[in-house]
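Below is run15.cif, holding mmCIF, C-alpha atoms.
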```
data_my_file
#
loop_
_atom_site.label_atom_id
_atom_site.label_comp_id
_atom_site.auth_asym_id
_atom_site.auth_seq_id
_atom_site.Cartn_x
_atom_site.Cartn_y
_atom_site.Cartn_z
CA MET A 1 94.31 -25.78 -127.68
CA THR A 2 93.76 -23.78 -124.50
CA GLY A 3 95.89 -24.14 -121.41
CA GLU A 4 92.99 -25.78 -119.58
CA GLU A 5 92.52 -28.39 -122.31
CA SER A 6 96.23 -29.19 -122.55
CA LEU A 7 96.84 -29.82 -118.84
CA ARG A 8 97.74 -33.43 -118.25
CA PRO A 9 96.63 -35.23 -115.06
CA GLN A 10 100.29 -35.56 -114.00
CA SER A 11 100.81 -31.79 -114.30
CA LEU A 12 97.73 -31.19 -112.17
CA LEU A 13 98.81 -33.79 -109.63
CA LEU A 14 102.29 -32.34 -109.28
CA THR A 15 100.77 -28.89 -108.80
CA PHE A 16 98.34 -30.29 -106.22
CA LEU A 17 101.19 -31.95 -104.30
CA GLY A 18 103.32 -28.82 -104.46
CA ASP A 19 100.45 -26.84 -103.00
CA GLN A 20 99.25 -29.26 -100.32
CA VAL A 21 102.17 -31.57 -99.44
CA LEU A 22 105.52 -29.93 -100.24
CA GLY A 23 107.40 -28.86 -97.12
CA ARG A 24 104.82 -30.28 -94.70
CA ASP A 25 106.09 -33.88 -94.13
CA VAL A 26 102.64 -35.30 -94.81
CA CYS A 27 101.03 -37.82 -97.16
CA VAL A 28 97.61 -37.41 -98.78
CA TYR A 29 94.87 -40.05 -98.97
CA SER A 30 94.19 -41.34 -102.48
CA GLY A 31 90.46 -40.79 -101.96
CA SER A 32 91.09 -37.09 -101.29
CA VAL A 33 93.01 -36.77 -104.55
CA ILE A 34 90.23 -38.56 -106.44
CA ASP A 35 87.61 -36.25 -104.90
CA VAL A 36 89.45 -33.04 -105.83
CA PHE A 37 90.30 -34.27 -109.32
CA GLU A 38 86.72 -35.31 -110.03
CA ARG A 39 85.76 -31.71 -109.22
CA ALA A 40 88.43 -30.67 -111.73
CA GLY A 41 86.95 -32.91 -114.43
CA VAL A 42 89.44 -35.78 -114.15
CA GLY A 43 87.82 -39.20 -113.72
CA GLU A 44 88.67 -41.65 -110.95
CA GLN A 45 90.35 -44.16 -113.28
CA ALA A 46 92.57 -41.50 -114.82
CA THR A 47 93.57 -40.28 -111.36
CA ARG A 48 94.36 -43.79 -110.10
CA SER A 49 96.40 -44.52 -113.25
CA THR A 50 98.33 -41.28 -112.80
CA LEU A 51 99.13 -42.10 -109.17
CA THR A 52 100.39 -45.54 -110.18
CA ARG A 53 102.53 -44.19 -113.03
CA MET A 54 104.07 -41.59 -110.76
CA VAL A 55 104.94 -44.25 -108.18
CA ASN A 56 106.56 -46.33 -110.92
CA ARG A 57 108.55 -43.30 -112.10
CA GLY A 58 109.84 -42.54 -108.61
CA LEU A 59 107.80 -39.36 -108.23
CA LEU A 60 105.53 -40.70 -105.46
CA ARG A 61 105.71 -43.28 -102.71
CA ARG A 62 102.95 -45.13 -100.92
CA GLN A 63 102.23 -45.22 -97.20
CA ARG A 64 99.50 -47.53 -95.93
CA GLU A 65 97.46 -46.56 -92.88
CA GLY A 66 95.02 -49.33 -92.01
CA ARG A 67 92.94 -49.95 -95.12
CA ARG A 68 93.74 -46.58 -96.65
CA MET A 69 96.58 -45.79 -99.06
CA TYR A 70 98.33 -42.45 -98.79
CA PHE A 71 100.84 -40.90 -101.16
CA GLY A 72 103.90 -38.81 -100.33
CA LEU A 73 106.77 -37.15 -102.11
CA THR A 74 110.12 -38.68 -103.04
CA GLU A 75 113.47 -36.94 -103.31
CA HIS A 76 112.90 -36.70 -107.07
CA SER A 77 109.45 -35.12 -106.89
CA THR A 78 110.57 -32.76 -104.12
CA ALA A 79 113.33 -31.45 -106.41
CA VAL A 80 110.85 -30.99 -109.28
CA LEU A 81 108.38 -29.15 -107.03
CA ASP A 82 111.08 -26.98 -105.45
CA ASP A 83 112.09 -25.91 -108.96
CA GLY A 84 108.49 -25.06 -109.81
CA ASP A 85 108.06 -23.12 -106.57
CA ARG A 86 111.22 -21.14 -107.29
CA ARG A 87 110.08 -20.31 -110.84
CA ILE A 88 106.66 -19.14 -109.71
CA TRP A 89 107.47 -17.17 -106.57
CA HIS A 90 111.13 -16.16 -106.79
CA THR A 91 112.40 -16.12 -110.39
CA GLY A 92 109.21 -14.69 -111.87
CA ALA A 93 108.23 -14.24 -115.50
CA VAL A 94 109.98 -10.93 -116.21
CA ASN A 95 113.79 -10.67 -116.31
CA ARG A 96 114.60 -7.12 -115.23
CA ASP A 97 117.96 -7.89 -113.59
CA TRP A 98 119.97 -9.24 -116.53
CA ASP A 99 123.66 -8.23 -116.28
CA GLY A 100 124.52 -8.68 -119.97
CA THR A 101 125.94 -12.18 -119.57
CA TRP A 102 125.07 -15.00 -121.96
CA THR A 103 125.79 -18.72 -121.69
CA LEU A 104 126.99 -20.25 -124.96
CA LEU A 105 126.93 -24.02 -125.45
CA GLY A 106 128.49 -25.64 -128.50
CA PHE A 107 128.15 -29.31 -129.34
CA SER A 108 129.30 -31.66 -132.08
CA LEU A 109 127.72 -35.12 -132.19
CA PRO A 110 128.14 -37.95 -134.72
CA GLU A 111 125.48 -37.96 -137.44
CA SER A 112 124.20 -41.33 -136.22
CA TRP A 113 123.43 -39.95 -132.73
CA GLN A 114 119.95 -38.71 -133.61
CA ARG A 115 118.39 -39.67 -130.28
CA GLN A 116 121.18 -38.02 -128.27
CA ARG A 117 120.88 -34.87 -130.39
CA HIS A 118 117.11 -34.76 -129.85
CA ASP A 119 117.47 -35.29 -126.09
CA LEU A 120 120.11 -32.58 -125.80
CA ARG A 121 118.09 -30.04 -127.77
CA SER A 122 114.98 -30.81 -125.71
CA LYS A 123 116.78 -30.31 -122.42
CA LEU A 124 118.50 -27.15 -123.66
CA THR A 125 115.14 -25.69 -124.68
CA TRP A 126 113.75 -26.60 -121.23
CA SER A 127 116.72 -24.76 -119.67
CA GLY A 128 116.07 -21.53 -121.61
CA PHE A 129 118.45 -22.01 -124.54
CA GLY A 130 117.73 -21.17 -128.15
CA PRO A 131 119.66 -22.21 -131.30
CA LEU A 132 121.99 -19.36 -132.31
CA PHE A 133 123.32 -21.68 -135.01
CA SER A 134 122.82 -25.43 -135.54
CA GLY A 135 125.49 -26.54 -133.06
CA LEU A 136 125.72 -23.37 -130.99
CA TRP A 137 122.98 -22.55 -128.45
CA ILE A 138 122.60 -19.48 -126.24
CA ALA A 139 120.74 -18.57 -123.04
CA PRO A 140 120.55 -15.34 -121.03
CA GLY A 141 122.49 -15.22 -117.77
CA GLU A 142 124.74 -17.86 -116.26
CA VAL A 143 123.09 -21.24 -116.75
CA ASP A 144 124.66 -24.28 -115.08
CA VAL A 145 124.38 -27.15 -117.56
CA ALA A 146 126.91 -29.50 -115.95
CA GLU A 147 124.27 -31.83 -114.51
CA LEU A 148 122.28 -31.82 -117.75
CA VAL A 149 125.30 -32.70 -119.87
CA THR A 150 126.55 -35.36 -117.45
CA GLU A 151 123.09 -36.95 -117.26
CA LEU A 152 123.07 -37.35 -121.05
CA GLY A 153 126.64 -38.66 -121.10
CA LEU A 154 127.76 -35.93 -123.51
CA ALA A 155 130.42 -34.10 -121.50
CA ALA A 156 133.10 -34.97 -124.05
CA HIS A 157 131.04 -33.49 -126.89
CA VAL A 158 129.98 -30.18 -125.32
CA LYS A 159 131.80 -26.90 -124.68
CA VAL A 160 130.32 -24.14 -122.49
CA PHE A 161 131.33 -20.46 -122.34
CA ARG A 162 130.18 -17.24 -120.67
CA ALA A 163 130.04 -14.31 -123.07
CA HIS A 164 129.00 -10.69 -123.62
CA ALA A 165 127.71 -9.30 -126.91
CA ASP A 166 129.83 -6.88 -128.91
CA ALA A 167 128.79 -3.23 -128.57
CA GLY A 168 127.42 -3.19 -132.12
CA MET A 169 125.35 -6.34 -131.73
CA ASP A 170 121.59 -6.00 -132.28
CA ILE A 171 120.43 -8.16 -129.39
CA GLY A 172 116.74 -7.60 -130.10
CA ALA A 173 117.13 -8.92 -133.65
CA MET A 174 119.15 -11.88 -132.40
CA ILE A 175 116.43 -12.74 -129.91
CA GLU A 176 113.73 -12.64 -132.60
CA GLU A 177 115.79 -14.96 -134.83
CA THR A 178 116.62 -17.43 -132.05
CA TRP A 179 113.40 -17.82 -130.06
CA GLU A 180 109.75 -18.25 -131.11
CA LEU A 181 108.42 -15.22 -129.24
CA SER A 182 105.04 -15.00 -130.99
CA GLU A 183 103.86 -18.37 -129.65
CA LEU A 184 104.98 -17.51 -126.12
CA ALA A 185 103.32 -14.09 -126.29
CA THR A 186 100.08 -15.73 -127.42
CA ARG A 187 100.18 -18.07 -124.43
CA TYR A 188 100.54 -15.13 -122.03
CA GLU A 189 97.72 -13.22 -123.74
CA GLU A 190 95.40 -16.23 -123.64
CA PHE A 191 96.21 -16.71 -119.96
CA VAL A 192 95.14 -13.12 -119.21
CA ARG A 193 91.91 -13.48 -121.20
CA ARG A 194 91.04 -16.72 -119.44
CA TRP A 195 91.83 -15.67 -115.88
CA GLU A 196 91.31 -11.91 -115.68
CA PRO A 197 87.52 -12.30 -115.14
CA TRP A 198 88.27 -14.20 -111.92
CA GLU A 199 89.88 -11.09 -110.43
CA SER A 200 86.35 -9.98 -109.49
CA ARG A 201 84.39 -13.24 -109.22
CA SER A 202 83.64 -15.07 -105.97
CA PRO A 203 83.46 -18.85 -106.32
CA ASP A 204 82.50 -21.20 -103.53
CA ALA A 205 85.30 -22.83 -101.53
CA ALA A 206 85.46 -26.15 -103.38
CA GLN A 207 85.42 -24.39 -106.73
CA ALA A 208 88.17 -22.05 -105.53
CA LEU A 209 90.36 -25.04 -104.67
CA VAL A 210 89.99 -26.46 -108.18
CA LEU A 211 90.42 -23.09 -109.84
CA ARG A 212 93.61 -22.36 -107.94
CA LEU A 213 94.93 -25.80 -108.87
CA ARG A 214 94.33 -25.10 -112.57
CA LEU A 215 95.61 -21.54 -112.28
CA GLN A 216 98.95 -22.63 -110.84
CA ALA A 217 99.34 -25.57 -113.24
CA GLU A 218 98.65 -23.40 -116.27
CA TRP A 219 100.96 -20.63 -115.08
CA LEU A 220 103.82 -23.03 -114.42
CA GLN A 221 103.30 -24.65 -117.80
CA ILE A 222 103.79 -21.26 -119.47
CA ILE A 223 106.74 -19.96 -117.48
CA ARG A 224 108.63 -23.25 -117.79
CA ARG A 225 108.67 -22.59 -121.55
CA ASP A 226 109.82 -19.00 -121.12
CA PRO A 227 113.61 -18.51 -121.49
CA ARG A 228 113.27 -15.30 -119.42
CA LEU A 229 114.92 -13.09 -122.01
CA PRO A 230 116.01 -9.62 -120.80
CA VAL A 231 112.91 -7.45 -120.82
CA ARG A 232 114.76 -4.42 -122.17
CA HIS A 233 115.37 -6.33 -125.41
CA LEU A 234 111.79 -7.57 -125.79
CA PRO A 235 108.92 -5.77 -127.56
CA ASP A 236 107.41 -2.88 -125.60
CA ASP A 237 104.06 -4.67 -125.42
CA TRP A 238 105.53 -7.94 -124.12
CA PRO A 239 102.60 -9.49 -122.17
CA ALA A 240 104.45 -11.42 -119.45
CA ASP A 241 104.20 -8.63 -116.87
CA GLN A 242 100.41 -8.28 -117.22
CA ALA A 243 100.01 -12.06 -117.16
CA GLU A 244 102.02 -12.33 -113.94
CA LYS A 245 99.94 -9.59 -112.31
CA THR A 246 96.78 -11.46 -113.31
CA PHE A 247 98.17 -14.71 -111.89
CA ARG A 248 99.07 -13.16 -108.54
CA THR A 249 95.81 -11.22 -108.21
CA VAL A 250 93.62 -14.25 -108.93
CA HIS A 251 95.79 -16.50 -106.75
CA ASP A 252 95.46 -14.11 -103.81
CA ARG A 253 91.69 -13.93 -104.30
CA LEU A 254 91.24 -17.71 -104.44
CA THR A 255 93.67 -18.69 -101.67
CA PRO A 256 91.56 -18.11 -98.52
CA LEU A 257 88.61 -20.07 -99.91
CA ALA A 258 90.87 -22.78 -101.35
CA ARG A 259 92.54 -23.26 -97.96
CA ASP A 260 89.16 -23.64 -96.27
CA ALA A 261 88.17 -26.31 -98.80
CA ALA A 262 91.49 -28.14 -98.43
CA GLU A 263 91.10 -28.33 -94.66
CA ARG A 264 87.64 -29.79 -95.11
CA LEU A 265 88.26 -32.16 -98.04
CA LEU A 266 91.81 -33.49 -97.61
CA ASP A 267 92.82 -36.39 -95.38
CA LEU A 268 96.51 -35.91 -94.54
CA VAL A 269 98.74 -37.99 -92.25
CA PRO A 270 102.30 -37.38 -91.07
CA VAL A 271 105.13 -39.13 -92.87
CA ARG A 272 106.17 -42.10 -90.73
CA ALA A 273 109.78 -42.26 -89.66
CA ASP A 274 110.14 -45.75 -91.17
CA GLN A 275 108.93 -44.37 -94.53
CA THR A 276 111.39 -41.51 -94.99
#
```
Representation of the structure as structure tokens:
Amino acid sequence: MTGEESLRPQSLLLTFLGDQVLGRDVCVYSGSVIDVFERAGVGEQATRSTLTRMVNRGLLRRQREGRRMYFGLTEHSTAVLDDGDRRIWHTGAVNRDWDGTWTLLGFSLPESWQRQRHDLRSKLTWSGFGPLFSGLWIAPGEVDVAELVTELGLAAHVKVFRAHADAGMDIGAMIEETWELSELATRYEEFVRRWEPWESRSPDAAQALVLRLRLQAEWLQIIRRDPRLPVRHLPDDWPADQAEKTFRTVHDRLTPLARDAAERLLDLVPVRADQT
């Protein structure tokens, strides 16, 4: 499945809001969202259902202006989008600044706690950890897992340490055994193949808006799954660097046209003081 095919409407909508609403204290008209998403191949009903689900999950809030309904961010969605913005523009896909520190997390849960074990492993994977052994997980750098562990109610069952590898440790081999690098590498390579042609193409403004939306959503989907392992211990042909260059080049090319289309197509209103 390609990145374009696997993008869910919620992923696109969060990307859209991060691009057009985050940090601006505005709300966007539902009709504007429907218009843009129809251009992206998402039907009106699917868009309306996604807006409703995100309101119910605390990711969006409504603001009525006359007969029109506008949607703005909540504290929850702002935190999610700030994290995405940091990963895209500040953290980056290539870890060149690793200081040799690892975070080790050990856990021991009762056999009957299958759901808690699944939830913990899922959140650890999301946070860049890989299974060193069954109950011992590892991530590069200093990873703060206090909030994650507290949220799951597992503080009494988890121990966290900072560590450095022994001088004789083969870190490259450990990485290959702990993380599925081939799948991640394939995702980066497919991203380059799909988007590199747009480094030299010139779409119209509305198309540029949709393309940039998909570009950012696909890129974030990939880098959220990347544990950002130290580049000096990855294969020499690791494709993340080329993929990031492709992302930034295409993004820069699309941005002026996309901004023109957004100004023309989007109905935005300020957040009302009684709605904050």
List as a PDB file with C-alpha atoms, in the coordinates of the input the protein and nucleic acid residues near Glu151 of chain A, meaning an atom at most 12 Å away when all atoms listed in the file are counted, but skip any in the same chain fewer than 6 places from it.
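As written to disk, selection_7.pdb reads:
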```
ATOM      1  CA  GLN A 116     121.180 -38.020-128.270  1.00  0.00           C
ATOM      2  CA  ASP A 119     117.470 -35.290-126.090  1.00  0.00           C
ATOM      3  CA  LEU A 120     120.110 -32.580-125.800  1.00  0.00           C
ATOM      4  CA  LYS A 123     116.780 -30.310-122.420  1.00  0.00           C
ATOM      5  CA  VAL A 145     124.380 -27.150-117.560  1.00  0.00           C
TER       6      VAL A 145
END
```
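In this structure, atom CA of Glu111 of chain A sits 23.8 Å away from atom CA of Ser127 of chain A.
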* One-decimal distance in Å that lies between atom CA of Ala261 of chain A and atom CA of Arg53 of chain A ->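 Straight-line distance from atom CA of Arg53 of chain A to atom CA of Ala261 of chain A works out to 27.0 Å.
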Would you tabulate, counting all atoms listed in the file, all residues of segment 202-271 of chain A that have an atom at most 10 Å from an atom of segment 16-39 of chain A, showing the closest pair of atoms and their distance in Å to one decimal, sorted by chain then ascending number, as CSV?
```
residue,atom,partner,partner_atom,distance
A:Ala206,CA,A:Arg39,CA,8.1
A:Gln207,CA,A:Arg39,CA,7.7
A:Leu209,CA,A:Val36,CA,8.1
A:Val210,CA,A:Arg39,CA,6.8
A:Leu211,CA,A:Arg39,CA,9.8
A:Arg212,CA,A:Phe16,CA,9.4
A:Leu213,CA,A:Phe16,CA,6.2
A:Arg214,CA,A:Phe16,CA,9.1
A:Gln216,CA,A:Phe16,CA,9.0
A:Ala217,CA,A:Phe16,CA,8.5
A:Arg259,CA,A:Gln20,CA,9.3
A:Ala261,CA,A:Val36,CA,9.8
A:Ala262,CA,A:Gln20,CA,8.1
A:Glu263,CA,A:Gln20,CA,10.0
A:Leu265,CA,A:Ser32,CA,6.5
A:Leu266,CA,A:Ser32,CA,5.2
A:Asp267,CA,A:Tyr29,CA,5.5
A:Leu268,CA,A:Val28,CA,4.6
A:Val269,CA,A:Val26,CA,5.4
A:Pro270,CA,A:Val26,CA,4.3
A:Val271,CA,A:Val26,CA,5.0
```
* Mind checking which residues fall within 7 Å of Ala243 of chain A, counting all atoms listed in the file, ignoring those fewer than 2 positions away in the same chain, and posting them as number ranges by chain? => A: 188, 191-192, 239-241, 245-247
For segment 161-250 of chain A versus segment 71-87 of chain A, which residues have an atom no more than 9 Å away, and what is each residue's nearest atom pair and distance in Å rounded to one decimal, using all atoms listed in the file, chain-then-number order, as CSV?
```
residue,atom,partner,partner_atom,distance
A:Leu220,CA,A:Gly84,CA,6.9
A:Ile223,CA,A:Arg87,CA,7.4
A:Arg224,CA,A:Arg87,CA,7.7
```
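Against this structure, the PyMOL selection byres ((chain A and resi 161) around 6) ends up with Thr103, Leu104, Val160 and Arg162 of chain A.
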